[in-house]
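Containing TSV, C-alpha atoms and all ligand atoms: target09.tsv.
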```tsv
chain	number	residue	atom	x	y	z
A	14	MET	CA	-26.09	-34.19	26.46
A	15	THR	CA	-27.84	-36.22	29.12
A	16	HIS	CA	-26.41	-39.37	30.57
A	17	ALA	CA	-28.38	-42.04	32.36
A	18	VAL	CA	-27.65	-42.54	36.05
A	19	ARG	CA	-26.48	-46.08	36.71
A	20	PHE	CA	-24.88	-47.56	39.81
A	21	GLU	CA	-24.67	-50.36	42.32
A	22	PHE	CA	-24.32	-49.67	46.02
A	23	THR	CA	-23.43	-52.07	48.81
A	24	ALA	CA	-23.01	-51.36	52.50
A	25	PRO	CA	-23.37	-53.30	55.75
A	26	PRO	CA	-27.03	-54.17	56.37
A	27	LEU	CA	-26.89	-52.41	59.74
A	28	ILE	CA	-24.91	-49.29	60.65
A	29	VAL	CA	-25.29	-48.07	64.23
A	30	PHE	CA	-23.79	-44.63	64.90
A	31	GLY	CA	-23.61	-42.51	68.04
A	32	ALA	CA	-21.65	-41.62	71.17
A	33	GLY	CA	-21.95	-44.52	73.62
A	34	ALA	CA	-23.11	-46.95	70.92
A	35	VAL	CA	-20.31	-49.38	71.87
A	36	ASP	CA	-22.45	-50.45	74.83
A	37	ARG	CA	-24.76	-52.17	72.33
A	38	VAL	CA	-22.03	-54.55	71.13
A	39	GLY	CA	-23.34	-57.44	73.27
A	40	GLU	CA	-26.94	-57.17	72.15
A	41	LEU	CA	-25.89	-56.86	68.49
A	42	ALA	CA	-23.36	-59.72	68.63
A	43	ALA	CA	-25.90	-62.04	70.32
A	44	ARG	CA	-28.00	-61.88	67.13
A	45	PHE	CA	-25.25	-63.80	65.31
A	46	GLY	CA	-23.62	-66.21	67.76
A	47	ARG	CA	-22.63	-67.24	71.27
A	48	ARG	CA	-18.84	-67.30	71.13
A	49	ALA	CA	-16.92	-64.39	69.61
A	50	TRP	CA	-13.33	-64.19	68.33
A	51	LEU	CA	-12.40	-60.66	69.34
A	52	VAL	CA	-9.56	-59.03	67.37
A	53	THR	CA	-8.24	-55.87	68.99
A	54	GLY	CA	-5.61	-53.32	67.98
A	55	ALA	CA	-2.91	-51.48	69.89
A	56	HIS	CA	-2.41	-51.59	73.64
A	57	ALA	CA	-3.64	-48.01	74.05
A	58	LEU	CA	-7.15	-49.43	73.78
A	59	GLU	CA	-6.69	-51.56	76.86
A	60	ARG	CA	-5.53	-48.58	78.89
A	61	SER	CA	-8.62	-46.64	77.96
A	62	GLY	CA	-10.74	-49.57	79.18
A	63	VAL	CA	-12.63	-49.99	75.90
A	64	VAL	CA	-11.81	-53.67	75.49
A	65	GLY	CA	-12.85	-54.50	79.06
A	66	ARG	CA	-16.10	-52.60	78.62
A	67	ALA	CA	-16.88	-54.41	75.36
A	68	ILE	CA	-16.16	-57.82	76.93
A	69	GLU	CA	-18.50	-56.97	79.86
A	70	CYS	CA	-21.29	-55.98	77.44
A	71	LEU	CA	-20.76	-59.21	75.49
A	72	ALA	CA	-20.83	-61.34	78.66
A	73	ALA	CA	-24.03	-59.64	79.82
A	74	ALA	CA	-25.64	-60.62	76.51
A	75	GLY	CA	-24.47	-64.24	76.85
A	76	VAL	CA	-21.59	-64.01	74.35
A	77	SER	CA	-18.26	-65.40	75.54
A	78	VAL	CA	-14.98	-64.19	74.09
A	79	ALA	CA	-11.63	-65.57	72.91
A	80	ARG	CA	-9.08	-62.93	71.91
A	81	GLN	CA	-6.34	-61.95	69.52
A	82	SER	CA	-4.35	-58.71	69.60
A	83	VAL	CA	-2.85	-57.35	66.38
A	84	GLY	CA	0.30	-55.19	66.55
A	85	GLY	CA	0.63	-53.46	63.20
A	86	GLU	CA	-0.75	-53.90	59.71
A	87	PRO	CA	-1.80	-57.57	59.44
A	88	ASP	CA	0.04	-60.18	57.39
A	89	THR	CA	-0.97	-63.68	56.32
A	90	ALA	CA	0.68	-65.24	59.40
A	91	VAL	CA	-1.42	-63.11	61.78
A	92	VAL	CA	-4.62	-63.98	59.90
A	93	ASP	CA	-3.84	-67.71	59.76
A	94	ARG	CA	-3.04	-67.73	63.48
A	95	GLY	CA	-6.34	-65.95	64.17
A	96	ALA	CA	-8.36	-68.39	62.08
A	97	ARG	CA	-6.72	-71.38	63.82
A	98	GLY	CA	-7.42	-69.85	67.23
A	99	ALA	CA	-11.03	-69.06	66.36
A	100	ARG	CA	-11.64	-72.63	65.12
A	101	GLU	CA	-10.00	-74.20	68.18
A	102	ALA	CA	-12.05	-71.95	70.47
A	103	GLY	CA	-15.27	-72.94	68.69
A	104	CYS	CA	-16.14	-69.36	67.74
A	105	ASP	CA	-19.19	-68.66	65.59
A	106	LEU	CA	-18.67	-64.95	65.02
A	107	VAL	CA	-15.82	-62.43	64.78
A	108	ILE	CA	-15.63	-58.92	66.20
A	109	GLY	CA	-12.97	-56.40	65.15
A	110	LEU	CA	-12.36	-53.62	67.68
A	111	GLY	CA	-9.59	-51.19	66.71
A	112	GLY	CA	-8.13	-49.23	63.82
A	113	GLY	CA	-8.06	-50.28	60.18
A	114	SER	CA	-5.41	-52.94	60.81
A	115	ALA	CA	-7.45	-54.74	63.49
A	116	LEU	CA	-10.62	-54.52	61.38
A	117	ASP	CA	-8.92	-55.90	58.27
A	118	ALA	CA	-7.35	-58.74	60.26
A	119	ALA	CA	-10.71	-59.59	61.84
A	120	LYS	CA	-12.46	-59.44	58.48
A	121	ALA	CA	-9.97	-61.90	56.99
A	122	VAL	CA	-10.26	-64.23	60.01
A	123	ALA	CA	-14.06	-64.23	59.57
A	124	CYS	CA	-13.55	-65.19	55.92
A	125	LEU	CA	-11.29	-68.13	56.85
A	126	LEU	CA	-13.58	-69.20	59.70
A	127	GLY	CA	-16.43	-69.50	57.20
A	128	ASN	CA	-14.46	-71.05	54.35
A	129	GLY	CA	-11.55	-73.01	55.82
A	130	GLY	CA	-8.07	-72.86	54.31
A	131	GLU	CA	-5.41	-70.19	54.78
A	132	ALA	CA	-5.14	-66.51	53.84
A	133	LEU	CA	-2.99	-67.16	50.75
A	134	ASP	CA	-5.77	-69.30	49.25
A	135	TYR	CA	-7.96	-66.23	48.81
A	136	LEU	CA	-5.50	-63.33	48.49
A	137	GLU	CA	-5.62	-61.52	45.13
A	138	VAL	CA	-2.49	-61.05	43.00
A	139	VAL	CA	0.11	-62.53	45.38
A	140	GLY	CA	-2.03	-65.50	46.52
A	141	ARG	CA	-4.15	-68.14	44.82
A	142	GLY	CA	-7.16	-65.79	44.47
A	143	ARG	CA	-9.66	-68.62	44.99
A	144	PRO	CA	-13.32	-67.60	45.00
A	145	LEU	CA	-15.10	-68.00	48.33
A	146	ALA	CA	-17.29	-71.10	48.29
A	147	LYS	CA	-19.15	-70.16	51.48
A	148	PRO	CA	-20.06	-66.95	53.27
A	149	SER	CA	-17.71	-65.43	55.84
A	150	ALA	CA	-18.54	-66.05	59.48
A	151	PRO	CA	-20.66	-63.14	60.80
A	152	PHE	CA	-18.41	-60.14	61.42
A	153	LEU	CA	-19.04	-57.01	63.50
A	154	ALA	CA	-16.77	-53.99	62.94
A	155	VAL	CA	-16.18	-51.51	65.76
A	156	PRO	CA	-13.65	-48.88	64.64
A	157	THR	CA	-11.65	-46.92	67.22
A	158	THR	CA	-10.06	-44.53	64.73
A	159	ALA	CA	-11.72	-42.32	62.12
A	160	GLY	CA	-9.69	-43.06	59.02
A	161	THR	CA	-9.76	-46.13	56.83
A	162	GLY	CA	-13.48	-46.79	56.49
A	163	SER	CA	-12.76	-50.54	56.66
A	164	GLU	CA	-15.99	-50.95	58.68
A	165	VAL	CA	-18.03	-50.49	55.48
A	166	THR	CA	-15.85	-52.15	52.82
A	167	ARG	CA	-15.81	-55.70	51.48
A	168	ASN	CA	-12.07	-56.18	51.27
A	169	ALA	CA	-9.31	-56.88	53.79
A	170	VAL	CA	-5.80	-55.60	53.03
A	171	ILE	CA	-3.27	-58.22	54.11
A	172	ALA	CA	0.51	-58.38	53.59
A	173	ASP	CA	2.03	-61.58	52.28
A	174	ALA	CA	4.28	-62.51	55.22
A	175	ALA	CA	6.94	-64.08	52.98
A	176	ARG	CA	7.20	-61.30	50.38
A	177	GLY	CA	6.08	-58.20	52.31
A	178	VAL	CA	3.67	-57.23	49.49
A	179	LYS	CA	0.14	-56.07	50.36
A	180	ALA	CA	-2.95	-57.39	48.58
A	181	SER	CA	-6.66	-57.86	49.26
A	182	ILE	CA	-9.10	-60.62	50.01
A	183	ARG	CA	-12.26	-59.30	48.38
A	184	HIS	CA	-15.81	-60.61	48.37
A	185	GLU	CA	-19.34	-59.38	48.97
A	186	SER	CA	-19.62	-61.60	52.05
A	187	LEU	CA	-16.66	-59.83	53.72
A	188	LEU	CA	-18.92	-56.83	54.36
A	189	PRO	CA	-19.51	-56.57	58.11
A	190	ARG	CA	-22.99	-57.62	59.26
A	191	VAL	CA	-22.90	-54.66	61.62
A	192	ALA	CA	-20.78	-51.50	61.59
A	193	LEU	CA	-20.92	-50.09	65.11
A	194	LEU	CA	-19.53	-46.56	65.16
A	195	ASP	CA	-19.01	-44.81	68.48
A	196	PRO	CA	-17.13	-41.53	68.07
A	197	SER	CA	-16.42	-41.33	71.82
A	198	LEU	CA	-13.94	-44.21	71.32
A	199	THR	CA	-11.73	-41.82	69.31
A	200	HIS	CA	-11.41	-39.09	71.98
A	201	SER	CA	-8.24	-40.63	73.42
A	202	LEU	CA	-6.36	-40.79	70.09
A	203	PRO	CA	-3.17	-38.70	70.22
A	204	PRO	CA	-2.98	-35.65	67.89
A	205	ASP	CA	-0.58	-37.23	65.37
A	206	VAL	CA	-2.86	-40.28	64.91
A	207	THR	CA	-5.90	-37.98	64.68
A	208	ALA	CA	-4.11	-35.99	61.97
A	209	ARG	CA	-2.99	-38.85	59.78
A	210	THR	CA	-6.19	-40.92	60.02
A	211	GLY	CA	-8.31	-37.81	59.42
A	212	LEU	CA	-6.23	-36.82	56.40
A	213	ASP	CA	-6.50	-40.37	55.05
A	214	ALA	CA	-10.29	-40.01	55.23
A	215	ILE	CA	-10.14	-36.63	53.45
A	216	VAL	CA	-7.93	-38.07	50.68
A	217	GLN	CA	-10.31	-41.05	50.44
A	218	LEU	CA	-13.16	-38.61	49.82
A	219	ILE	CA	-11.28	-36.47	47.27
A	220	GLU	CA	-9.78	-39.27	45.14
A	221	PRO	CA	-13.04	-41.23	44.58
A	222	TYR	CA	-14.99	-38.00	43.93
A	223	VAL	CA	-12.63	-36.90	41.15
A	224	SER	CA	-11.94	-40.45	39.88
A	225	LYS	CA	-12.92	-41.81	36.48
A	226	HIS	CA	-15.96	-43.51	38.04
A	227	ASP	CA	-19.14	-41.47	38.48
A	228	HIS	CA	-21.57	-42.51	41.20
A	229	ALA	CA	-24.62	-40.44	42.05
A	230	MET	CA	-24.84	-41.64	45.66
A	231	ILE	CA	-21.13	-41.34	46.37
A	232	ASP	CA	-21.17	-37.75	45.07
A	233	VAL	CA	-23.50	-36.80	47.91
A	234	LEU	CA	-21.54	-38.67	50.58
A	235	ALA	CA	-18.11	-37.46	49.42
A	236	LEU	CA	-18.98	-33.78	49.37
A	237	GLU	CA	-20.83	-33.93	52.70
A	238	GLY	CA	-17.87	-35.82	54.17
A	239	LEU	CA	-15.46	-33.09	53.05
A	240	ARG	CA	-17.80	-30.38	54.32
A	241	ARG	CA	-17.72	-31.98	57.79
A	242	ALA	CA	-14.14	-33.27	57.97
A	243	ALA	CA	-12.23	-30.20	56.70
A	244	PRO	CA	-13.19	-27.94	59.63
A	245	ALA	CA	-13.48	-30.81	62.17
A	246	LEU	CA	-9.95	-32.14	61.72
A	247	PRO	CA	-8.04	-29.09	63.03
A	248	ARG	CA	-10.51	-28.90	65.92
A	249	ALA	CA	-10.07	-32.55	66.95
A	250	TYR	CA	-6.30	-32.15	66.51
A	251	ALA	CA	-6.28	-29.21	68.96
A	252	ASP	CA	-8.82	-30.73	71.39
A	253	GLY	CA	-9.33	-34.50	71.32
A	254	GLU	CA	-12.43	-34.19	73.52
A	255	ASP	CA	-14.32	-32.07	70.96
A	256	ALA	CA	-17.25	-34.49	70.61
A	257	GLU	CA	-18.86	-32.75	67.65
A	258	ALA	CA	-15.60	-32.73	65.66
A	259	ARG	CA	-14.94	-36.40	66.55
A	260	ALA	CA	-18.42	-37.38	65.32
A	261	ASP	CA	-17.96	-35.46	62.06
A	262	LEU	CA	-14.62	-37.21	61.46
A	263	MET	CA	-16.08	-40.64	62.11
A	264	LEU	CA	-18.93	-39.98	59.68
A	265	ALA	CA	-16.48	-38.71	57.07
A	266	ALA	CA	-14.26	-41.77	57.51
A	267	MET	CA	-17.22	-44.13	57.08
A	268	TRP	CA	-18.30	-42.31	53.93
A	269	SER	CA	-14.71	-42.37	52.65
A	270	GLY	CA	-14.81	-46.18	52.90
A	271	MET	CA	-18.02	-46.26	50.87
A	272	ALA	CA	-16.52	-43.83	48.36
A	273	LEU	CA	-13.32	-45.79	47.73
A	274	ALA	CA	-15.21	-49.09	47.56
A	275	HIS	CA	-17.45	-47.81	44.77
A	276	CYS	CA	-15.32	-45.31	42.82
A	277	GLY	CA	-11.73	-46.38	43.40
A	278	LEU	CA	-8.92	-44.06	44.47
A	279	GLY	CA	-6.14	-42.27	42.60
A	280	ALA	CA	-2.46	-41.45	42.36
A	281	ALA	CA	-1.97	-40.52	46.05
A	282	HIS	CA	-3.10	-43.99	47.13
A	283	ALA	CA	-1.21	-45.55	44.23
A	284	LEU	CA	2.00	-44.01	45.62
A	285	ALA	CA	1.07	-44.69	49.27
A	286	GLY	CA	1.07	-48.48	48.74
A	287	PRO	CA	4.68	-48.80	47.52
A	288	LEU	CA	5.82	-46.08	49.96
A	289	GLY	CA	4.40	-48.03	52.90
A	290	GLY	CA	5.87	-51.27	51.55
A	291	ALA	CA	9.44	-49.92	51.24
A	292	PHE	CA	9.62	-47.41	54.10
A	293	PRO	CA	8.04	-47.09	57.58
A	294	VAL	CA	5.67	-44.34	56.38
A	295	PRO	CA	2.21	-44.55	58.01
A	296	HIS	CA	-0.51	-44.90	55.36
A	297	GLY	CA	-2.24	-41.61	56.20
A	298	VAL	CA	1.04	-39.67	56.09
A	299	ALA	CA	1.90	-41.10	52.65
A	300	CYS	CA	-1.53	-40.09	51.33
A	301	ALA	CA	-1.51	-36.64	52.93
A	302	ALA	CA	2.06	-35.79	51.91
A	303	THR	CA	1.42	-36.59	48.25
A	304	MET	CA	-2.21	-35.48	47.78
A	305	SER	CA	-1.85	-31.75	47.12
A	306	TRP	CA	0.94	-32.41	44.59
A	307	VAL	CA	-1.19	-35.08	42.90
A	308	MET	CA	-4.06	-32.59	42.70
A	309	ALA	CA	-1.78	-30.00	41.08
A	310	ALA	CA	-0.43	-32.58	38.59
A	311	ASN	CA	-3.97	-33.80	37.75
A	312	LEU	CA	-5.11	-30.21	37.17
A	313	ARG	CA	-2.16	-29.55	34.83
A	314	ALA	CA	-2.94	-32.77	32.93
A	315	ALA	CA	-6.65	-31.91	32.86
A	316	ALA	CA	-5.85	-28.56	31.24
A	317	ARG	CA	-4.20	-30.48	28.36
A	318	GLY	CA	-6.83	-33.24	27.91
A	319	ALA	CA	-10.27	-33.36	26.34
A	320	ALA	CA	-12.00	-34.61	29.52
A	321	GLY	CA	-10.33	-31.88	31.55
A	322	ALA	CA	-13.35	-29.64	32.11
A	323	GLY	CA	-15.12	-32.34	34.11
A	324	THR	CA	-12.06	-32.92	36.28
A	325	LEU	CA	-11.62	-29.20	36.85
A	326	ARG	CA	-15.25	-28.85	37.90
A	327	ARG	CA	-14.94	-31.74	40.35
A	328	TYR	CA	-11.81	-30.26	41.95
A	329	ALA	CA	-13.70	-26.98	42.26
A	330	ASP	CA	-16.53	-28.85	44.04
A	331	VAL	CA	-13.94	-30.34	46.42
A	332	ALA	CA	-12.52	-26.89	47.19
A	333	ARG	CA	-15.96	-25.40	47.85
A	334	ALA	CA	-16.96	-28.35	50.08
A	335	MET	CA	-13.79	-27.85	52.12
A	336	GLY	CA	-14.61	-24.17	52.52
A	337	ALA	CA	-11.56	-23.11	50.50
A	338	ALA	CA	-13.43	-21.25	47.76
A	339	ASP	CA	-16.63	-19.34	47.52
A	340	HIS	CA	-17.61	-17.25	44.53
A	341	GLN	CA	-14.64	-17.82	42.22
A	342	GLY	CA	-14.87	-19.62	38.90
A	343	ASP	CA	-13.93	-23.29	38.71
A	344	GLU	CA	-10.30	-22.73	37.77
A	345	GLU	CA	-9.51	-20.38	40.65
A	346	ALA	CA	-11.53	-22.50	43.06
A	347	ALA	CA	-9.66	-25.68	42.11
A	348	VAL	CA	-6.30	-23.97	42.70
A	349	ALA	CA	-7.54	-22.64	46.05
A	350	GLY	CA	-8.45	-26.22	47.02
A	351	VAL	CA	-4.90	-27.44	46.37
A	352	GLU	CA	-3.54	-24.59	48.49
A	353	HIS	CA	-6.06	-25.32	51.26
A	354	LEU	CA	-5.02	-28.96	51.52
A	355	ARG	CA	-1.34	-27.97	51.61
A	356	GLU	CA	-2.04	-25.54	54.45
A	357	LEU	CA	-4.07	-28.16	56.31
A	358	CYS	CA	-1.10	-30.57	56.15
A	359	GLU	CA	1.20	-27.83	57.50
A	360	LEU	CA	-1.21	-26.94	60.29
A	361	LEU	CA	-1.38	-30.63	61.30
A	362	ASN	CA	2.42	-30.99	61.13
A	363	VAL	CA	2.41	-33.75	58.51
A	364	PRO	CA	6.07	-34.76	58.18
A	365	LYS	CA	7.96	-34.73	54.90
A	366	LEU	CA	8.67	-38.24	53.62
A	367	SER	CA	12.45	-37.75	54.10
A	368	VAL	CA	11.75	-38.10	57.84
A	369	TYR	CA	11.01	-41.80	57.16
A	370	GLY	CA	14.17	-42.29	55.12
A	371	VAL	CA	12.55	-41.93	51.68
A	372	THR	CA	15.29	-40.78	49.28
A	373	ARG	CA	15.34	-39.40	45.75
A	374	GLU	CA	17.14	-42.57	44.62
A	375	ALA	CA	14.02	-44.58	45.49
A	376	ILE	CA	11.76	-42.51	43.20
A	377	PRO	CA	12.01	-44.54	39.94
A	378	GLY	CA	11.21	-47.82	41.75
A	379	LEU	CA	8.28	-46.26	43.62
A	380	VAL	CA	6.88	-44.75	40.41
A	381	ALA	CA	7.13	-48.10	38.59
A	382	ARG	CA	5.27	-49.91	41.38
A	383	ALA	CA	2.64	-47.15	41.74
A	384	LYS	CA	1.82	-47.37	38.03
A	385	ALA	CA	0.90	-51.06	38.40
A	386	THR	CA	-1.71	-50.46	41.14
A	387	SER	CA	-5.47	-50.52	40.66
A	388	SER	CA	-5.67	-47.08	42.34
A	389	MET	CA	-3.71	-45.54	39.45
A	390	LYS	CA	-6.29	-46.80	36.96
A	391	ALA	CA	-9.00	-44.69	38.64
A	392	ASN	CA	-6.91	-41.49	38.63
A	393	PRO	CA	-8.75	-38.87	36.53
A	394	ALA	CA	-5.74	-37.96	34.35
A	395	GLU	CA	-2.91	-39.87	32.71
A	396	LEU	CA	0.18	-38.90	34.68
A	397	SER	CA	3.63	-39.43	33.16
A	398	ASP	CA	6.57	-40.90	35.03
A	399	ALA	CA	7.96	-37.37	35.28
A	400	ASP	CA	4.66	-36.11	36.79
A	401	LEU	CA	4.72	-38.85	39.45
A	402	ALA	CA	8.42	-38.32	40.16
A	403	GLY	CA	7.66	-34.62	40.64
A	404	VAL	CA	4.94	-35.46	43.19
A	405	LEU	CA	7.39	-37.61	45.17
A	406	GLU	CA	10.18	-35.00	45.01
A	407	HIS	CA	7.88	-32.42	46.59
A	408	ALA	CA	6.58	-34.88	49.19
A	409	ILE	CA	10.08	-36.05	50.16
A	410	GLY	CA	10.99	-32.39	50.84
B	501	ZN	ZN	-6.29	-44.52	52.52
```

Let's see the structure in the file written out as structure tokens.
Amino acid sequence: MTHAVRFEFTAPPLIVFGAGAVDRVGELAARFGRRAWLVTGAHALERSGVVGRAIECLAAAGVSVARQSVGGEPDTAVVDRGARGAREAGCDLVIGLGGGSALDAAKAVACLLGNGGEALDYLEVVGRGRPLAKPSAPFLAVPTTAGTGSEVTRNAVIADAARGVKASIRHESLLPRVALLDPSLTHSLPPDVTARTGLDAIVQLIEPYVSKHDHAMIDVLALEGLRRAAPALPRAYADGEDAEARADLMLAAMWSGMALAHCGLGAAHALAGPLGGAFPVPHGVACAATMSWVMAANLRAAARGAAGAGTLRRYADVARAMGAADHQGDEEAAVAGVEHLRELCELLNVPKLSVYGVTREAIPGLVARAKATSSMKANPAELSDADLAGVLEHAIG
């Protein structure tokens, strides 16, 4: 049986990639405006001099800067404060310089700067979900971690400050005008951050590739991303200055953003949302700690279901791309892939979820919330409550 290839693909109109590329931020920003609202992440950035360097480049290109620093994952209050500040400062463009949290905050500020109103007006599910009447203000994304892929997606994940629930503002015009990726900015990341952001990228390549949604272009990007990231991650973990490994991880993270935006995610991300909402588990740790158990559960379910052969073949592709299997048949290869990911998590010292206070008593509530997520709908197999509880039991340790 043949099936016709059909897809849509969206990405930022300009992606600039390369060591040292951050020095082009001024020239690129000057194409869009004269006064930038600069949203930066953690303080570690300032110590490494990246923010100062970016501001100098912007000034040299005639772009002045007003600033906001974002502590953790952004909530509606942070975004509203940013939008107010940007309006008062007369900004005509927004630059996000930092990890996924800073980029998402900046993306949402750009949306409000273009449209007026407050974050809750546009937030899906927990907010008013209003459509955007106007385009976002021009937004440039400069990631300093290799993990979320936010620099190439059209949604911003924001927590509702009052309820502590995360949701998205989502629209075509939230896509950055420029994604500026400089892997040298990630050299100073400590090993634990390298591990969890890198594993998030790997999970964000695996889940879309095996998801219910086929996409001919994402297939290429996901497998190439896994081929680069699987060997690069242990290298960057051991030696942060390994430039080749850092570049491979940044490419993989960017492709993981494209993959999740077009094919959705799966049960690991479905569980990671509620886990991060109820416990102080970093997103990448939640994904990494659950992924191998989700893979095993999906493979068991695939063996029972009619569509299982396709899922099995895709997991075998994943294993081969990660270098975990060579000449075996699909079934053996898929199992080797699960084992490989488990070993990778051990090598990178991914903590068990009990370290963050996750208890067995919390499992039923987490399962119920995970089942309601959009990520769960893309998971390749129907997992029962018992399957999901089993995943969490293993991940809690
Ligand atoms: Zn993720």

(request) Give the residue list for ligand ZN 501 (chain B) at 7 Å, counting all atoms listed in the file, as a ChimeraX atom specification, sorted by chain and then by residue number. (result) /A:161,213-214,216-217,282,296-297,300

(request) Please provide the set of residues having any atom within 9 Å of Ala102 in chain A, restricted to only C-alpha atoms, with same-chain residues fewer than 5 positions apart removed, written as a list in words. (result) Arg48, Trp50, Ala79 and Arg97 of chain A

(request) One decimal, Å: what's the distance from CA of Leu401 in chain A over to CA of Pro364 in chain A, could you say? (result)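 Atom-to-atom, CA of Leu401 in chain A to CA of Pro364 in chain A, that is 19.2 Å.
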
(request) Pick out the closest residue to Gly370 in chain A from this set: A:Gly350, A:Pro293, A:Pro156, A:Gly318. Count only C-alpha atoms. (result)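 Among the listed residues, A:Pro293 lies closest to Gly370 in chain A.
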
(request) Quick one: everything within 7 Å of Arg248 in chain A, counting all atoms listed in the file, minus sequence neighbours fewer than 4 positions away in the same chain. Send it as a VMD selection string. (result) chain A and resid 244 252 258

(message) For a quick check of understanding, using all atoms listed in the file, which of A:Ala408, A:Ala320, A:Ala391, A:Val233 has the smallest distance to Ala299 in chain A?
(response) A:Ala408

(request) Could you tell me which of A:Pro189, A:Gly130, A:Pro377, A:Gly103 comes closest to Ala146 in chain A if we count all atoms listed in the file? (result) A:Gly130

(request) Write out as a list in words each polymer residue whose atoms come within 10 Å of Arg100 in chain A, counting only C-alpha atoms; drop sequence neighbours fewer than 6 positions from it. (result)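 Residues near the query, excluding close chain neighbours: Trp50, Val122, Leu125, Leu126, Gly127 and Gly129 of chain A.
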
(request) Can you work out which one of A:Val63, A:Leu312, A:Ala291, A:Ala154 has the shortest atom-to-atom distance to Asp343 in chain A, counting all atoms listed in the file? (result) A:Leu312

(message) From the options A:Ala72, A:Val35, A:Met308, A:Val139, which residue's atoms come nearest to Ala394 in chain A, counting only C-alpha atoms?
(response)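 Closest candidate: A:Met308.
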